[in-house]
$ cat model_37.csv   # CSV, C-alpha atoms
chain,number,residue,atom,x,y,z
D,2,MET,CA,12.0,11.5,-6.6
D,3,SER,CA,15.1,12.4,-4.6
D,4,TYR,CA,16.4,12.7,-1.1
D,5,GLN,CA,19.3,14.4,0.5
D,6,LYS,CA,21.4,12.2,2.9
D,7,VAL,CA,22.3,14.1,6.1
D,8,GLU,CA,25.2,13.1,8.2
D,9,ASN,CA,23.9,12.1,11.6
D,10,ASN,CA,24.0,9.2,13.9
D,11,HIS,CA,23.5,6.4,11.3
D,12,LEU,CA,21.3,4.3,13.6
D,13,LYS,CA,20.1,1.2,11.7
D,14,ILE,CA,16.3,0.8,11.4
D,15,LEU,CA,14.7,-2.3,9.9
D,16,VAL,CA,11.8,-1.5,7.6
D,17,ALA,CA,9.6,-4.5,6.8
D,18,PRO,CA,6.5,-4.2,4.6
D,19,LEU,CA,4.0,-7.0,4.0
D,20,ASN,CA,4.2,-8.6,0.6
D,21,TRP,CA,0.6,-8.2,-0.5
D,22,GLY,CA,0.3,-6.6,-3.8
D,23,LEU,CA,2.5,-3.5,-4.1
D,24,GLY,CA,0.8,-1.1,-1.7
D,25,HIS,CA,2.6,-1.9,1.6
D,26,ALA,CA,6.0,-1.7,-0.1
D,27,THR,CA,5.3,1.5,-2.0
D,28,ARG,CA,3.9,3.4,0.9
D,29,CYS,CA,7.2,2.5,2.8
D,30,ILE,CA,9.2,4.4,0.1
D,31,PRO,CA,8.6,7.9,1.6
D,32,ILE,CA,9.4,6.4,5.1
D,33,ILE,CA,12.7,5.0,3.8
D,34,GLU,CA,13.5,8.3,2.1
D,35,ALA,CA,12.8,10.2,5.3
D,36,LEU,CA,15.0,7.9,7.3
D,37,LEU,CA,17.9,8.5,4.8
D,38,THR,CA,17.2,12.3,4.9
D,39,GLU,CA,17.4,12.3,8.7
D,40,GLY,CA,20.7,10.4,8.8
D,41,PHE,CA,19.4,6.9,9.7
D,42,GLU,CA,20.5,3.7,7.9
D,43,PRO,CA,17.5,1.8,6.7
D,44,ILE,CA,17.7,-2.0,6.2
D,45,ILE,CA,14.8,-3.4,4.2
D,46,ALA,CA,13.2,-6.8,4.8
D,47,SER,CA,10.4,-8.5,2.9
D,48,ASP,CA,9.8,-11.1,0.3
D,49,GLY,CA,8.4,-11.6,-3.3
D,50,ILE,CA,7.5,-8.6,-5.4
D,51,ALA,CA,7.5,-6.2,-2.4
D,52,LEU,CA,11.3,-6.9,-2.0
D,53,GLN,CA,11.8,-6.7,-5.8
D,54,ILE,CA,10.2,-3.2,-6.1
D,55,LEU,CA,12.2,-1.8,-3.2
D,56,LYS,CA,15.4,-3.2,-4.6
D,57,LYS,CA,14.7,-1.2,-7.8
D,58,GLU,CA,14.0,1.9,-5.8
D,59,PHE,CA,17.0,1.7,-3.3
D,60,PRO,CA,19.7,-0.5,-5.0
D,61,SER,CA,22.4,0.6,-2.6
D,62,LEU,CA,20.7,-0.4,0.6
D,63,LEU,CA,21.0,-3.8,2.4
D,64,PHE,CA,18.1,-6.2,1.8
D,65,LEU,CA,17.1,-9.2,3.9
D,66,GLU,CA,14.6,-11.8,2.9
D,67,LEU,CA,11.7,-12.8,5.2
D,68,PRO,CA,9.6,-16.0,4.8
D,69,SER,CA,6.5,-15.6,2.7
D,70,TYR,CA,3.0,-15.5,4.3
D,71,GLN,CA,1.9,-17.5,1.2
D,72,ILE,CA,-1.3,-15.3,0.9
D,73,GLU,CA,-3.3,-16.8,-2.0
D,74,TYR,CA,-6.4,-15.3,-3.6
D,75,PRO,CA,-9.1,-17.5,-5.0
D,76,ALA,CA,-10.5,-17.0,-8.4
D,77,LYS,CA,-13.9,-16.3,-6.8
D,78,GLY,CA,-13.9,-13.4,-4.4
D,79,ALA,CA,-16.6,-15.0,-2.2
D,80,SER,CA,-14.1,-17.7,-1.2
D,81,PHE,CA,-11.4,-15.3,0.0
D,82,LYS,CA,-12.1,-15.5,3.8
D,83,TRP,CA,-12.2,-19.3,3.8
D,84,LYS,CA,-9.0,-19.5,1.7
D,85,MET,CA,-7.3,-17.3,4.3
D,86,ILE,CA,-8.5,-19.6,7.1
D,87,LYS,CA,-7.3,-22.7,5.2
D,88,ASN,CA,-3.8,-21.1,4.7
D,89,SER,CA,-3.5,-19.7,8.3
D,90,PRO,CA,-1.2,-22.6,9.5
D,91,LYS,CA,1.3,-21.6,6.8
D,92,MET,CA,1.0,-18.0,7.7
D,93,PHE,CA,1.5,-18.6,11.5
D,94,GLU,CA,4.6,-20.7,10.7
D,95,ALA,CA,6.0,-17.8,8.6
D,96,ILE,CA,5.3,-15.3,11.4
D,97,TYR,CA,7.1,-17.6,13.9
D,98,GLN,CA,10.1,-17.9,11.5
D,99,GLU,CA,10.3,-14.1,10.9
D,100,ARG,CA,10.2,-13.5,14.7
D,101,GLN,CA,13.2,-15.8,15.1
D,102,LEU,CA,15.0,-14.1,12.2
D,103,VAL,CA,14.4,-10.6,13.7
D,104,LYS,CA,15.8,-11.7,17.0
D,105,LYS,CA,19.1,-12.7,15.2
D,106,TRP,CA,19.1,-9.5,13.1
D,107,VAL,CA,18.6,-7.2,16.1
D,108,LYS,CA,21.9,-8.5,17.5
D,109,LYS,CA,23.8,-9.1,14.2
D,110,TYR,CA,23.1,-5.7,12.7
D,111,GLN,CA,22.9,-3.8,16.0
D,112,LEU,CA,19.5,-2.4,15.1
D,113,SER,CA,18.1,0.6,16.9
D,114,GLY,CA,14.5,0.3,15.8
D,115,LEU,CA,11.9,-1.7,13.8
D,116,ILE,CA,9.2,-0.4,11.5
D,117,SER,CA,6.7,-3.2,10.5
D,118,ASP,CA,4.1,-2.5,7.9
D,119,ASN,CA,1.6,-5.3,8.8
D,120,ARG,CA,4.3,-8.0,9.2
D,121,LEU,CA,3.1,-9.6,12.5
D,122,GLY,CA,6.4,-11.2,13.5
D,123,VAL,CA,8.6,-8.1,13.0
D,124,TYR,CA,8.8,-7.1,16.6
D,125,SER,CA,11.3,-6.9,19.4
D,126,LYS,CA,11.1,-6.2,23.1
D,127,LYS,CA,14.7,-5.0,23.1
D,128,ILE,CA,14.4,-2.0,20.7
D,129,PRO,CA,11.6,0.5,19.8
D,130,SER,CA,9.1,-1.3,17.5
D,131,VAL,CA,6.5,0.5,15.4
D,132,PHE,CA,3.5,-1.0,13.6
D,133,ILE,CA,2.1,0.7,10.6
D,134,THR,CA,-1.5,0.1,9.5
D,135,HIS,CA,-4.6,1.8,8.4
D,136,GLN,CA,-6.7,-1.1,9.6
D,137,LEU,CA,-7.2,-0.9,13.4
D,138,ASN,CA,-10.4,-2.7,12.5
D,139,VAL,CA,-10.0,-5.6,10.1
D,140,LEU,CA,-13.2,-6.2,8.1
D,141,SER,CA,-14.0,-9.9,7.4
D,142,GLY,CA,-17.7,-10.0,7.1
D,143,ASN,CA,-19.5,-11.6,10.0
D,144,THR,CA,-16.2,-12.3,11.7
D,145,SER,CA,-15.0,-8.7,11.7
D,146,TRP,CA,-15.3,-8.4,15.5
D,147,ILE,CA,-12.8,-11.3,16.1
D,148,SER,CA,-10.4,-10.3,13.3
D,149,SER,CA,-10.3,-6.8,14.6
D,150,LYS,CA,-9.7,-7.9,18.2
D,151,LEU,CA,-6.9,-10.2,17.1
D,152,HIS,CA,-5.2,-7.5,15.1
D,153,GLN,CA,-5.5,-5.0,18.0
D,154,PHE,CA,-4.1,-7.6,20.4
D,155,ILE,CA,-1.0,-7.9,18.1
D,156,ILE,CA,-0.7,-4.1,17.7
D,157,LYS,CA,-0.7,-3.6,21.5
D,158,LYS,CA,2.7,-5.2,21.8
D,159,TYR,CA,4.3,-2.4,19.8
D,160,MET,CA,5.6,0.8,21.3
D,161,GLU,CA,3.6,2.8,18.8
D,162,CYS,CA,1.1,2.3,16.0
D,163,TRP,CA,1.4,4.7,13.1
D,164,VAL,CA,-1.8,5.2,11.2
D,165,PRO,CA,-1.3,6.9,7.8
D,166,ASP,CA,-4.4,9.1,8.0
D,167,HIS,CA,-5.8,12.0,9.9
D,168,LYS,CA,-7.5,11.6,13.3
D,169,GLU,CA,-10.4,14.0,12.7
D,170,PHE,CA,-13.1,14.0,10.0
D,171,PRO,CA,-12.8,14.2,7.1
D,172,ASN,CA,-10.3,11.4,6.8
D,173,LEU,CA,-9.5,8.6,4.3
D,174,SER,CA,-9.7,5.4,6.3
D,175,GLY,CA,-13.1,5.8,8.0
D,176,LYS,CA,-13.9,3.1,10.5
D,177,LEU,CA,-10.9,1.0,9.4
D,178,GLY,CA,-8.4,3.4,11.0
D,179,HIS,CA,-10.3,4.9,13.9
D,180,LEU,CA,-11.3,3.4,17.3
D,181,GLU,CA,-13.7,4.8,19.9
D,182,HIS,CA,-11.6,3.6,22.9
D,183,PRO,CA,-8.1,2.7,21.8
D,184,HIS,CA,-6.0,0.8,24.4
D,185,PHE,CA,-2.6,1.3,22.8
D,186,LYS,CA,-0.7,4.4,21.6
D,187,ILE,CA,-1.9,5.5,18.2
D,188,ASN,CA,0.0,8.2,16.2
D,189,TYR,CA,-1.9,9.6,13.3
D,190,ILE,CA,0.9,10.6,11.0
D,191,GLY,CA,-1.2,11.9,8.1
D,192,ALA,CA,-1.7,10.5,4.6
D,193,ILE,CA,1.7,9.5,3.0
D,194,SER,CA,2.6,9.2,-0.6
D,195,ARG,CA,5.8,8.7,-2.6
D,196,PHE,CA,4.5,11.2,-5.2
D,197,ASN,CA,4.3,15.0,-5.6
D,198,LYS,CA,1.9,17.1,-7.6
D,199,ILE,CA,3.7,18.6,-10.6
D,200,ASP,CA,2.1,20.9,-13.2
D,201,LEU,CA,2.7,19.0,-16.5
D,202,PRO,CA,0.9,19.1,-19.8
D,203,LYS,CA,-1.7,16.3,-20.3
D,204,LYS,CA,-0.4,13.3,-22.2
D,205,TYR,CA,-3.0,10.6,-21.4
D,206,ASP,CA,-6.8,10.8,-21.0
D,207,LEU,CA,-6.8,7.7,-18.9
D,208,MET,CA,-4.2,6.0,-16.7
D,209,VAL,CA,-5.0,2.3,-15.8
D,210,ILE,CA,-2.9,1.0,-13.0
D,211,LEU,CA,-3.2,-2.6,-11.7
D,212,SER,CA,-1.9,-4.2,-8.5
D,213,GLY,CA,-2.7,-6.8,-6.0
D,214,PRO,CA,-2.3,-10.6,-5.6
D,215,GLU,CA,-3.0,-13.2,-8.3
D,216,PRO,CA,-5.2,-14.4,-9.8
D,217,GLN,CA,-7.3,-11.3,-9.3
D,218,ARG,CA,-4.8,-9.0,-10.9
D,219,THR,CA,-4.7,-11.1,-14.1
D,220,LEU,CA,-8.5,-11.5,-14.1
D,221,LEU,CA,-8.9,-7.7,-14.0
D,222,GLU,CA,-6.2,-7.2,-16.6
D,223,ASN,CA,-8.0,-9.5,-19.0
D,224,ARG,CA,-11.4,-7.8,-18.5
D,225,LEU,CA,-9.9,-4.3,-18.9
D,226,PHE,CA,-7.9,-5.3,-22.0
D,227,LYS,CA,-11.2,-6.1,-23.7
D,228,GLU,CA,-13.0,-3.0,-22.5
D,229,ILE,CA,-10.2,-0.6,-23.3
D,230,LYS,CA,-10.4,-1.5,-27.0
D,231,ARG,CA,-13.7,0.5,-27.1
D,232,TYR,CA,-12.0,3.6,-25.5
D,233,LYS,CA,-10.7,5.8,-28.3
D,234,LYS,CA,-8.7,8.3,-26.3
D,235,GLU,CA,-5.1,8.1,-25.2
D,236,VAL,CA,-4.5,5.5,-22.5
D,237,VAL,CA,-1.5,4.3,-20.5
D,238,PHE,CA,-1.9,0.9,-19.0
D,239,ILE,CA,0.4,-0.2,-16.2
D,240,LYS,CA,0.0,-3.9,-15.5
D,241,GLY,CA,1.7,-4.0,-12.1
D,242,LEU,CA,4.0,-6.9,-13.0
D,243,VAL,CA,7.4,-6.3,-11.4
D,244,GLU,CA,9.9,-8.0,-13.7
D,245,THR,CA,13.7,-7.7,-14.3
D,246,GLU,CA,13.3,-5.6,-17.5
D,247,GLN,CA,10.7,-2.9,-18.2
D,248,LYS,CA,8.6,-3.7,-21.3
D,249,VAL,CA,6.7,-1.2,-23.3
D,250,GLU,CA,4.2,-2.0,-26.0
D,251,GLN,CA,2.0,0.3,-28.1
D,252,ILE,CA,-1.3,-1.1,-29.4
D,253,GLU,CA,-3.2,1.6,-31.3
D,254,ASN,CA,-4.1,4.3,-28.7
D,255,VAL,CA,-2.9,2.3,-25.6
D,256,THR,CA,0.6,2.3,-24.3
D,257,PHE,CA,1.3,-0.8,-22.1
D,258,TYR,CA,4.0,-1.1,-19.4
D,259,ASN,CA,4.6,-4.1,-17.2
D,260,PHE,CA,5.8,-1.8,-14.4
D,261,MET,CA,7.1,1.7,-13.8
D,262,THR,CA,9.6,3.1,-11.3
D,263,SER,CA,8.4,5.7,-8.7
D,264,SER,CA,9.7,8.6,-10.8
D,265,GLN,CA,8.0,7.3,-13.9
D,266,LEU,CA,4.7,6.7,-12.1
D,267,GLU,CA,4.9,10.2,-10.5
D,268,ARG,CA,5.3,11.8,-14.0
D,269,THR,CA,2.6,9.6,-15.5
D,270,PHE,CA,0.0,10.3,-12.8
D,271,ASN,CA,0.6,14.0,-13.3
D,272,GLU,CA,0.3,13.7,-17.1
D,273,SER,CA,-3.0,11.8,-16.9
D,274,GLU,CA,-6.5,13.2,-16.7
D,275,LEU,CA,-8.3,10.3,-15.1
D,276,VAL,CA,-7.2,7.1,-13.2
D,277,LEU,CA,-8.8,3.6,-13.2
D,278,SER,CA,-7.5,1.4,-10.4
D,279,ARG,CA,-8.2,-0.8,-7.4
D,280,SER,CA,-9.4,0.9,-4.2
D,281,GLY,CA,-6.3,-0.1,-2.3
D,282,TYR,CA,-5.4,2.3,0.5
D,283,THR,CA,-2.0,3.3,-0.9
D,284,THR,CA,-3.6,4.2,-4.2
D,285,VAL,CA,-6.2,6.2,-2.3
D,286,MET,CA,-3.4,8.2,-0.5
D,287,ASP,CA,-1.6,8.8,-3.8
D,288,LEU,CA,-4.8,10.1,-5.5
D,289,ALA,CA,-5.5,12.4,-2.6
D,290,LYS,CA,-2.0,13.8,-2.7
D,291,LEU,CA,-2.1,14.4,-6.4
D,292,GLY,CA,-5.7,15.6,-6.6
D,293,LYS,CA,-6.7,13.1,-9.3
D,294,LYS,CA,-10.2,12.0,-10.2
D,295,ALA,CA,-10.6,8.3,-10.5
D,296,PHE,CA,-12.8,5.2,-10.9
D,297,PHE,CA,-12.4,2.3,-8.5
D,298,ILE,CA,-12.9,-1.5,-9.1
D,299,PRO,CA,-12.3,-3.2,-5.7
D,300,THR,CA,-10.7,-6.6,-5.5
D,301,PRO,CA,-13.5,-9.1,-5.2
D,302,GLY,CA,-13.8,-10.6,-1.7
D,303,GLN,CA,-11.4,-8.1,-0.1
D,304,PHE,CA,-13.6,-6.5,2.5
D,305,GLU,CA,-11.3,-3.5,3.1
D,306,GLN,CA,-11.3,-2.4,-0.6
D,307,GLU,CA,-15.0,-3.0,-1.0
D,308,TYR,CA,-15.7,-0.9,2.1
D,309,LEU,CA,-13.4,2.0,0.9
D,310,ALA,CA,-14.9,2.0,-2.6
D,311,LYS,CA,-18.5,2.1,-1.2
D,312,LYS,CA,-17.5,4.8,1.3
D,313,TYR,CA,-16.0,7.1,-1.3
D,314,LYS,CA,-19.0,6.6,-3.6
D,315,LYS,CA,-21.5,7.3,-0.9
D,316,GLU,CA,-19.6,10.5,0.1
D,317,GLY,CA,-19.5,11.7,-3.5
D,318,PHE,CA,-15.8,11.4,-3.9
D,319,ILE,CA,-15.2,8.5,-6.4
D,320,PRO,CA,-17.5,6.2,-8.4
D,321,MET,CA,-17.0,2.4,-8.3
D,322,ALA,CA,-18.2,-0.8,-9.9
D,323,LYS,CA,-17.8,-4.5,-9.2
D,324,GLN,CA,-15.2,-6.3,-11.3
D,325,ASP,CA,-17.7,-8.5,-13.2
D,326,LYS,CA,-20.0,-5.5,-13.9
D,327,PHE,CA,-17.6,-2.9,-15.1
D,328,ILE,CA,-17.9,-1.6,-18.6
D,329,ILE,CA,-15.8,1.2,-20.1
D,330,GLU,CA,-18.9,3.5,-20.3
D,331,ASN,CA,-18.9,3.6,-16.5
D,332,LEU,CA,-16.0,6.1,-16.7
D,333,ALA,CA,-18.5,8.8,-17.7
D,334,GLU,CA,-19.6,8.8,-14.0
D,335,ILE,CA,-16.4,10.3,-12.9
D,336,GLU,CA,-17.4,13.9,-13.8
D,337,LEU,CA,-20.3,13.6,-11.4
D,338,TYR,CA,-18.0,13.1,-8.4
D,339,LYS,CA,-15.7,15.7,-6.7
D,340,GLY,CA,-12.6,13.6,-6.0
D,341,LEU,CA,-10.9,12.8,-2.7
D,342,PRO,CA,-10.2,15.6,-0.1
D,343,GLN,CA,-6.6,16.8,-0.4
D,344,TYR,CA,-4.2,17.2,2.5
D,345,GLU,CA,-1.3,19.6,2.1
D,346,GLU,CA,0.7,18.8,5.3
D,347,SER,CA,3.5,16.2,5.4
D,348,PRO,CA,4.3,13.9,8.3
D,349,ASP,CA,6.8,15.4,10.9
D,350,TRP,CA,9.4,12.6,10.3
D,351,LYS,CA,12.0,14.2,12.6
D,352,LYS,CA,9.6,14.1,15.5
D,353,LEU,CA,8.4,10.6,14.7
D,354,PHE,CA,11.9,9.2,14.5
D,355,LEU,CA,12.9,10.6,17.9
D,356,LEU,CA,11.5,7.3,19.2
D,357,PHE,CA,14.5,5.5,17.8
D,358,GLU,CA,17.1,7.8,19.4
D,359,CYS,CA,16.0,6.8,22.9
D,360,GLU,CA,18.6,4.9,24.8
$ encode --input "model_37.csv" --output "structure tokens"
Amino acid sequence: MSYQKVENNHLKILVAPLNWGLGHATRCIPIIEALLTEGFEPIIASDGIALQILKKEFPSLLFLELPSYQIEYPAKGASFKWKMIKNSPKMFEAIYQERQLVKKWVKKYQLSGLISDNRLGVYSKKIPSVFITHQLNVLSGNTSWISSKLHQFIIKKYMECWVPDHKEFPNLSGKLGHLEHPHFKINYIGAISRFNKIDLPKKYDLMVILSGPEPQRTLLENRLFKEIKRYKKEVVFIKGLVETEQKVEQIENVTFYNFMTSSQLERTFNESELVLSRSGYTTVMDLAKLGKKAFFIPTPGQFEQEYLAKKYKKEGFIPMAKQDKFIIENLAEIELYKGLPQYEESPDWKKLFLLFECE
């Protein structure tokens, strides 16, 4: 993973991913690298593990802390929507606070643009503001219509909405990222990934990679730890715990890591035959870029991941199972599926970033 810094205008761009698992932060990595390559000066703002992972990737950049949305997952997935509703006052307060901070930062750091990955308060009327999402429609069960309308109302304030997907079929996000009659500017930038496909000899038969908020990450780790004991091939198991020091542990045929850097993950993906993971959209884009076959276990109660996992199974791309139903023998289903469609083209970052060079 490398980039070449080009001398240019050094305009400062604030990049602010939502702290919800690792996906929003990690899919901002290629955007930050592209900004550096094109001569911009990215400033990164987030909280929690999203901020931690980006500090490890870009230690020389300026980092700012935003208030936490305090997104909490229940132990039972069916309670997720009601947990979110209960916590919404805290979330709205955090959004208000980040809006006030951004107002100060625009002036203090002389920002020329904002890129918000699902942070609803990172917005300014004074400079070009971009919203990144693959969820133009937000699925929430029988309240999907109102959650979608509210999200679209927020997106409409921004100068552009960048959707990391393709406009035409086949695409990766399905109904999540496509509207019949959009009433704001949508720019389909193509699937993005921090990884590249590299021809390496196989080292692992299975790569297990976990992510997402607690307690569901730990619940899945505990279940897979029991199941993986019955899998006799070579396994690398990445827990998705971003900690100060990397920890590696070998237990029989399984190599455990608490976390990996992007360069380590890129190599490990390319050295692995199969992948077992959540059906988060960033993981989906990574698998499509790398051409890897996989098995999905969606986060219980997270409508977006459940929709994507069911969609890919129905289309014959990737098999899936519910968390409480998964057994290691399910992995045999992977050979019956063709894997996600691959996209070769990369986003035209130079063209996209012209937005920030407008006076």
$ atom_distance --input "model_37.csv" --atom1 "atom CA of Phe297 of chain D" --atom2 "atom CA of Ala310 of chain D"
6.4 Å
$ closest_residue --input "model_37.csv" --among "D:Ser130, D:His179, D:Ile30, D:Ala322" --to "Gln153 of chain D" --atoms "only C-alpha atoms"
D:His179
$ closest_atom_pairs --input "model_37.csv" --of "segment 35-143 of chain D" --to "segment 223-247 of chain D" --cutoff "12 Å" --atoms "all atoms listed in the file" --output "tab-separated table"
residue	atom	partner	partner_atom	distance
D:Gly49	CA	D:Val243	CA	9.7
D:Ile50	CA	D:Val243	CA	6.4
D:Ala51	CA	D:Val243	CA	9.0
D:Leu52	CA	D:Val243	CA	10.2
D:Gln53	CA	D:Val243	CA	7.1
D:Ile54	CA	D:Val243	CA	6.7
D:Leu55	CA	D:Val243	CA	10.5
D:Lys56	CA	D:Thr245	CA	10.8
D:Lys57	CA	D:Thr245	CA	9.2
D:Glu58	CA	D:Val243	CA	11.9
$ residues_around --input "model_37.csv" --residues "segment 154-161 of chain D" --least-positions-apart "3" --cutoff "8 Å" --atoms "all atoms listed in the file" --output "PyMOL selection string"
chain D and resi 121+124+129-132+150-151+184-188
$ atom_distance --input "model_37.csv" --atom1 "atom CA of Gln303 of chain D" --atom2 "atom CA of Tyr189 of chain D"
24.1 Å
$ atom_distance --input "model_37.csv" --atom1 "atom CA of Leu12 of chain D" --atom2 "atom CA of Asp118 of chain D"
19.4 Å
$ residues_around --input "model_37.csv" --residues "segment 341-346 of chain D" --least-positions-apart "6" --cutoff "7 Å" --atoms "all atoms listed in the file" --output "list in words"
Ala289, Lys290, Gly292 and Phe318 of chain D
$ axis_aligned_box --input "model_37.csv" --around "segment 87-97 of chain D" --padding-each-side "6 Å" --output "lines of an AutoDock Vina configuration file"
center_x = -0.1
center_y = -19.0
center_z = 9.3
size_x = 26.4
size_y = 19.4
size_z = 21.2
$ closest_residue --input "model_37.csv" --among "D:Pro68, D:Leu211, D:Ile32, D:Phe170" --to "Lys91 of chain D" --atoms "only C-alpha atoms"
D:Pro68
$ residues_around --input "model_37.csv" --residues "segment 327-335 of chain D" --least-positions-apart "6" --cutoff "7 Å" --atoms "only C-alpha atoms" --output "number ranges by chain"
D: 228-229, 294-296, 319-320
$ closest_residue --input "model_37.csv" --among "D:Leu277, D:Leu266, D:Ile33, D:Leu291" --to "Lys198 of chain D" --atoms "only C-alpha atoms"
D:Leu291
$ closest_residue --input "model_37.csv" --among "D:Asn20, D:Asn197, D:Gln71, D:Asn143" --to "Gln265 of chain D" --atoms "only C-alpha atoms"
D:Asn197
